[in-house]
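Encoded as structure tokens, the structure appears first; notes follow it.
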2 protein chains.
Amino acid sequence: MIRGMQRVDLAYVQLASSEIARDINRDVILEVIRANQPVSRAELSRLSGLQRSTVSLIVDQLIQERWVREGATTPLPRGRRPTMVGLNDDLVMLVADIRPTQATIAVVDLNGRFLSRAQLPVTSDPAKTLAGIIETMLRMKERHAQRSFEGVGISLPGRVDPVTHRLRFAPNLAWPDFDIKGTLEKGTGLSVELDNAANACLLAETWFGRMDGVRNAVLLTVSEGIGTGILCNGQLLHGDGGMAGEFGHLCLDKDGPLCGCGARGCWETFASSRAALRFYAERNPKIAVRSIEELLRLAQEADEDALAALTRQAEYIGKGLRFISATLAPEVILIAGDLVALWARFGPIIQKAFSDSVLAGFSPRLMPTHEAEVARLRGAAIVVLQRRSSQRQSGIGKRPRRPAKAVKRERLP
Amino acid sequence: MIRGMQRVDLAYVQLASSEIARDINRDVILEVIRANQPVSRAELSRLSGLQRSTVSLIVDQLIQERWVREGATTPLPRGRRPTMVGLNDDLVMLVADIRPTQATIAVVDLNGRFLSRAQLPVTSDPAKTLAGIIETMLRMKERHAQRSFEGVGISLPGRVDPVTHRLRFAPNLAWPDFDIKGTLEKGTGLSVELDNAANACLLAETWFGRMDGVRNAVLLTVSEGIGTGILCNGQLLHGDGGMAGEFGHLCLDKDGPLCGCGARGCWETFASSRAALRFYAERNPKIAVRSIEELLRLAQEADEDALAALTRQAEYIGKGLRFISATLAPEVILIAGDLVALWARFGPIIQKAFSDSVLAGFSPRLMPTHEAEVARLRGAAIVVLQRRSSQRQSGIGKRPRRPAKAVKRERLP
DNA sequence: CTTGTATTGTTTTATTCTAAAACAAAGTAC
DNA sequence: GTACTTTGTTTTAGAATAAAACAATACAAG
């Protein structure tokens with residue numbers, strides 16, 4: 001992308017090791033701009049600790065690379081008026097949030113704003129589904145042709161192996177080993193990144209959410225199943241094969257109902273939305289409630305059975321949070337999913353059940369994540385950006401420095 | 001140049017003068033030396049990707065700093081004979097492994113070798129116990145006066161808050177909020193680092209053990225209770241307040257025996273050595289077996305009740321490993337503790353119970369850690385080294401560069 | 001024994017990065 | 001206008017590394 005273009009311009013100017021400091025500082029400045037935009041170069045200097053001169057050079061580079069652009073000059077009580085800089089939202093990513101029954105496709109800019117958004121059905125045929133997604137993406141790309149498309153990011157309801165980039169352990173998406181990444185790359189002509197939906201959601205919360213300075217957090221997604229994204233020491237934890245975070249299959253009651261995983265009484269069998277539907281059916285077998293949306297609507301209409309079913313689900317959610325807090329000791333636990341729509345009612349229930357069962361000495365903050373789909377789409381975009389930056393870093397060692405002239409000199413005295 | 005060995009964390013390395021590149025490369029070279037010693041400068045260049053010239057300068061600096069020293073010149077099939085370099089084991093650390101009833105004090109060098117080792121009883125009076133430890137340490141320092149003592153590292157049977165450096169959640173060491181770090185620093189005149197025993201043990205395994213390239217691992221300690229050390233993305237996970245890793249208090253059977261934490265049926269109540277003693281007492285109430293050592297001795301003498309009790313413990317250990325594998329998806333699970341002395345017999349039992357209950361898709365390697373005390377002592381030493389290195393890094397932004405002459409120049413044309 | 005070649009390790013040179021200081025620009029307070 | 005402030009750029013100097021030249025060994029072929 002941009003850096004490649006730049007290398008054509010500058011030909012052989014890149015130097016490996018000073019460039020590390022450069023790249024680090026570039027990333028630091030970019031991050032500080034992102035978190036504080038619009039912001040002046042002087043303020044960036046104070047925030048980053050780098051000299052004004054250095055900041056100026058780096059900002060110039062970022063503008064050249066089109067990550068950043070200048071904005072208005074805002075007046076101050078005294079002194080020269082600063083020129084503010086901010087992220088250049090002409091840079092955009094194509095993203096898709098693929099869920100068991102439908103997918104949302106969108107164009108997201110560097111600030112997490114949406115330029116387009118569309119929905120498609122998801123079927124058990126991955127080729128057909130992806131063809132539709134590709135078609136929609138290409139249309140969107142056409143529509144925003146003046147923007148610069150950085151890549152494609154996909155959020156999936158399952159684990160993605162960080163090495164093979166294959167989807168695995170996706171009980172709610174029956175796409176047998178299919179090359180999603182390759183198909184999308186061929187179809188769109190852009191590089192494609194995949195990750196788990198919970199990871200994407202968590203990533204978006206750390207970028208755009210209320211988690212400044214939080215270095216250990218867990219995001220819990222509650223829908224058909226239970227998923228988690230884990231932030232350890234400020235980094236996403238994928239684990240071996242991308243499988244980390246299967247808290248949903250820890251046992252809450254060994255005599256509980258049989259779970260899809262083969263065990264009995266997994267947390268998921270009590271705390272998922274599917275469990276809530278079961279609780280409702282147990283109380284009121286006469287009315288067949290098929291979807292969680294329907295159940296939530298009933299609850300909002302103050303249907304007693306629906307409220308009881310969801311309350312029970314909320315209690316089990318809170319109870320199982322002990323798993324998370326005792327093992328990872330996060331500062332924050334974020335909860336996303338269907339139930340969060342009625343957080344005012346069920347949040348306190350989750351909190352109480354958690355407080356009642358939590359191991360002494362632990363007290364993570366419990367926070368809801370509203371608009372999880374927005375977060376997943378934004379997170380998918382961030383995965384694209386992150387992968388780019390890590391590519392840049394790991395390639396450092398292979399950039400030879402070629403001086404202008406390679407003249408053979410005489411031996412020195 | 002960083003070659004994927006160290007990812008720079010923007011949250012910590014806020015600013016990077018060009019000196020940061022030097023510090024990073026210094027750490028890279030030091031790490032490569034540690035892992036490959038004795039090793040020549042040319043080999044270091046190949047392993048690190050840095051130029052021979054750069055490697056030479058950095059190695060000179062490390063020799064100056066006394067981290068490294070030159071060794072023999074070993075012959076090669078062709079060419080100039082390389083001068084090997086290795087860690088300078090004149091640098092040593094004072095370490096202590098404090099356990100519920102006794103402490104081991106030792107002097108450890110940079111290569112994890114022991115120069116002295118002594119044992120002291122541990123009482124419920126922290127002041128008195130620490131006074132004894134300090135006295136022993138000072139005697140050891142006297143005895144090895146020609147060595148350079150880098151600091152003091154302590155391994156403790158409880159969680160250590162990374163911020164306050166206080167011991168908390170140590171059910172087997174009744175030292176109410178006591179300033180261990182301050183007391184030891186005053187007594188020894190050296191800087192002191194504390195950490196949990198399981199973390200120390202894990203750290204030693206990653207430095208001296210069989211875990212090259214492993215970036216996600218968990219070490220399980222089985223003794224009076226159950227503890228864990230967690231390696232995430234190549235880093236120790238401490239969690240908020242240092243409390244991460246309390247897998248021992250996840251529930252295995254909600255109708256199980258009451259646990260010290262207040263809940264019922266925690267893994268610890270089934271899989272700890274204390275549980276093994278209970279299993280034995282249930283089978284054979286006539287003979288009072290007081291200590292796990294006694295039980296192990298009976299097992300070695302083929303006492304059927306002892307074997308049955310330990311087998312039951314091993315099965316529960318394996319069963320509970322599902323907690324660890326499903327949530328963290330480590331590549332390796334290391335097991336340390338009393339039972340490991342009879343690994344040939346009980347290892348397969350743990351492995352089978354684990355395989356029977358593990359969630360599909362997970363298959364971490366199970367490995368025993370023999371000589372856990374050695375590992376804890378070495379780990380305590382590593383904590384000292386790591387803290388030093390991180391101190392150096394975080395100070396980078398504050399290094400003002402003062403030019404030799406600060407002459408006021410005339411304005412340029 | 002000399003010459004050629006391979007390998008290690010050091011020295012020299014060129015390049016890039018950053019800090020620090022000087023400088024330039026653009027405003028306010030008086 | 002003059003003094004002072006703040007922002008942003010330019011200049012200069014110092015630190016770090018790559019690349020190439022150089023120096024030091026060792027061995028083999030002639």
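Naming works like this for the structure tokens: A, B, ... for the chains as they're shown, residue 1 at the start of each chain, ligands 1 onward in shown order.
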| task | Within 10 Å of DA28 of chain D, counting only C-alpha atoms (C1' of nucleotides), which residues show up once you throw out same-chain ones fewer than 3 positions away? Write them as JSON, numbers by chain, please. | result | {"B": [78], "C": [4, 5]}
Could you save those same residues with N, CA and C atoms (P, O5', C5', C4', C3', O3' and C1' of nucleotides) as a PDB file, in the first residue's frame?
ATOM      1  N   ARG B  78      37.706 -24.194   8.751  1.00  0.00           N
ATOM      2  CA  ARG B  78      38.417 -23.200   7.963  1.00  0.00           C
ATOM      3  C   ARG B  78      38.288 -21.837   8.614  1.00  0.00           C
TER       4      ARG B  78
ATOM      5  P    DG C   4      47.759 -15.752  -5.578  1.00  0.00           P
ATOM      6  O5'  DG C   4      46.495 -16.594  -5.114  1.00  0.00           O
ATOM      7  C5'  DG C   4      46.315 -17.926  -5.594  1.00  0.00           C
ATOM      8  C4'  DG C   4      45.154 -18.560  -4.857  1.00  0.00           C
ATOM      9  C3'  DG C   4      43.944 -17.640  -4.666  1.00  0.00           C
ATOM     10  O3'  DG C   4      42.755 -18.370  -4.985  1.00  0.00           O
ATOM     11  C1'  DG C   4      44.621 -18.502  -2.581  1.00  0.00           C
ATOM     12  P    DT C   5      41.369 -17.618  -5.106  1.00  0.00           P
ATOM     13  O5'  DT C   5      40.608 -18.165  -3.818  1.00  0.00           O
ATOM     14  C5'  DT C   5      40.614 -19.572  -3.562  1.00  0.00           C
ATOM     15  C4'  DT C   5      40.073 -19.818  -2.162  1.00  0.00           C
ATOM     16  C3'  DT C   5      38.852 -18.956  -1.786  1.00  0.00           C
ATOM     17  O3'  DT C   5      37.877 -19.800  -1.192  1.00  0.00           O
ATOM     18  C1'  DT C   5      40.472 -18.819  -0.102  1.00  0.00           C
TER      19       DT C   5
END
| query | Following superposition of chain B onto chain A on all C-alpha atoms, paired in order, what is the C-alpha RMSD to one decimal in Å? | reply | 4.7 Å
| request: Would you list the contacts of DT12 of chain D as a list in words, taking every protein, DNA or RNA residue within 10 Å and counting only C-alpha atoms (C1' of nucleotides), but skipping same-chain residues closer than 3 positions in sequence? | output: DA20, DA21 and DA22 of chain C
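Those residues of chain D that fall within 10 Å of chain A when using only C-alpha atoms (C1' of nucleotides) read D:DC4, D:DT5, D:DT6, D:DT7, D:DG8, D:DT9, D:DT10, D:DA15, D:DA16, D:DT17, D:DA18, D:DA19, D:DA20, D:DA21, D:DC22.
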| request: Excluding Pro126 of chain B and residues on its chain fewer than 4 positions from it, collect all residues at most 12 Å away from it, counting only C-alpha atoms (C1' of nucleotides), and give them as an MDAnalysis selection string. | output: chainID B and resid 98 100:101 103 121:122 130:134 167 173:181 183:184
Alpha helix (DSSP H) residues, from DSSP on the backbone, in segment 141-227 of chain B, as a PDB file with C-alpha atoms, in the first residue's frame:
ATOM      1  CA  LYS B 141      27.063 -12.602  50.257  1.00  0.00           C
ATOM      2  CA  GLU B 142      30.085 -12.550  52.520  1.00  0.00           C
ATOM      3  CA  ARG B 143      31.138 -15.981  51.382  1.00  0.00           C
ATOM      4  CA  ILE B 180       8.293  -8.134  52.762  1.00  0.00           C
ATOM      5  CA  LYS B 181       9.985  -6.174  50.015  1.00  0.00           C
ATOM      6  CA  GLY B 182      10.866  -3.203  52.219  1.00  0.00           C
ATOM      7  CA  THR B 183      12.148  -5.369  55.035  1.00  0.00           C
ATOM      8  CA  LEU B 184      14.405  -7.367  52.748  1.00  0.00           C
ATOM      9  CA  GLU B 185      15.699  -4.285  50.962  1.00  0.00           C
ATOM     10  CA  LYS B 186      16.590  -2.644  54.224  1.00  0.00           C
ATOM     11  CA  GLY B 187      18.203  -5.835  55.498  1.00  0.00           C
ATOM     12  CA  THR B 188      20.215  -6.764  52.443  1.00  0.00           C
ATOM     13  CA  ALA B 197       5.946 -19.469  43.120  1.00  0.00           C
ATOM     14  CA  ALA B 198       4.117 -20.790  40.069  1.00  0.00           C
ATOM     15  CA  ASN B 199       5.146 -17.753  38.032  1.00  0.00           C
ATOM     16  CA  ALA B 200       8.743 -18.188  39.118  1.00  0.00           C
ATOM     17  CA  CYS B 201       8.658 -21.841  38.215  1.00  0.00           C
ATOM     18  CA  LEU B 202       7.196 -21.104  34.793  1.00  0.00           C
ATOM     19  CA  LEU B 203       9.721 -18.379  34.136  1.00  0.00           C
ATOM     20  CA  ALA B 204      12.553 -20.795  34.883  1.00  0.00           C
ATOM     21  CA  GLU B 205      11.046 -23.334  32.506  1.00  0.00           C
ATOM     22  CA  THR B 206      10.930 -20.807  29.696  1.00  0.00           C
ATOM     23  CA  TRP B 207      14.548 -19.772  30.310  1.00  0.00           C
ATOM     24  CA  PHE B 208      16.209 -23.045  31.131  1.00  0.00           C
TER      25      PHE B 208
END
| message | Could you tell me which residues of chain C sit within 9 Å of chain A when counting only C-alpha atoms (C1' of nucleotides), and give me the result as number ranges by chain? | response | C: 12, 14-20, 25-28
| Quick one: of B:Gln37, B:Gln61, B:Ser45, B:Thr104, who's nearest to chain A, counting only C-alpha atoms? |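 Nearest candidate to chain A out of B:Gln37, B:Gln61, B:Ser45, B:Thr104: B:Ser45.
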| query | Just how far from atom CA of Val374 of chain B is atom CA of His144 of chain B, in Å to one decimal? | reply |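 Taking atom CA of His144 of chain B as the start and atom CA of Val374 of chain B as the end point, the length is 19.9 Å.
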| Between atom CA of Arg69 of chain A and atom CA of Leu87 of chain A, distance in Å (one decimal) | 6.2 Å
| request: Please report, as an MDAnalysis selection string, each residue of segment 121-303 of chain A to which DSSP assigns strand (DSSP E or B) when run on this structure's backbone. | output: chainID A and resid 121 148:156 159:160 167:168 192:196 217:222 226:232 235:236 251 258 264 266
| field | Residue nearest chain A - candidates B:Leu334, B:Val192, B:Ala329, B:Val214, atoms counted: only C-alpha atoms | value |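 The answer is B:Ala329, which sits nearest to chain A.
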| query | So which one's closest to chain A, B:Ala288, B:Ala344, B:Val332, B:Leu30? Using only C-alpha atoms, please. | reply |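 Result for the nearest residue to chain A: B:Val332.
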| Distance criterion (only C-alpha atoms): nearest to chain A out of B:Ile292, B:Ala244, B:Ala341, B:Leu310 | B:Ala244
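Comparing A:Ala353, A:Glu150, A:Glu294, A:Ala217 by their smallest distance to Met367 of chain A, the closest is A:Ala217 (using only C-alpha atoms).
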| remark: Min atom-atom distance to chain B from the set A:Asn111, A:Ser325, A:Ser291, A:Thr311, counting only C-alpha atoms, belongs to A:Ser325
| request: Considering only C-alpha atoms (C1' of nucleotides), return as an MDAnalysis selection string whatever protein or nucleic-acid residues lie within 12 Å of Ser116 of chain B, sequence-local ones (same chain, fewer than 5 positions apart) excluded. | output: chainID B and resid 92:96 104:109 136:137 139:144 377
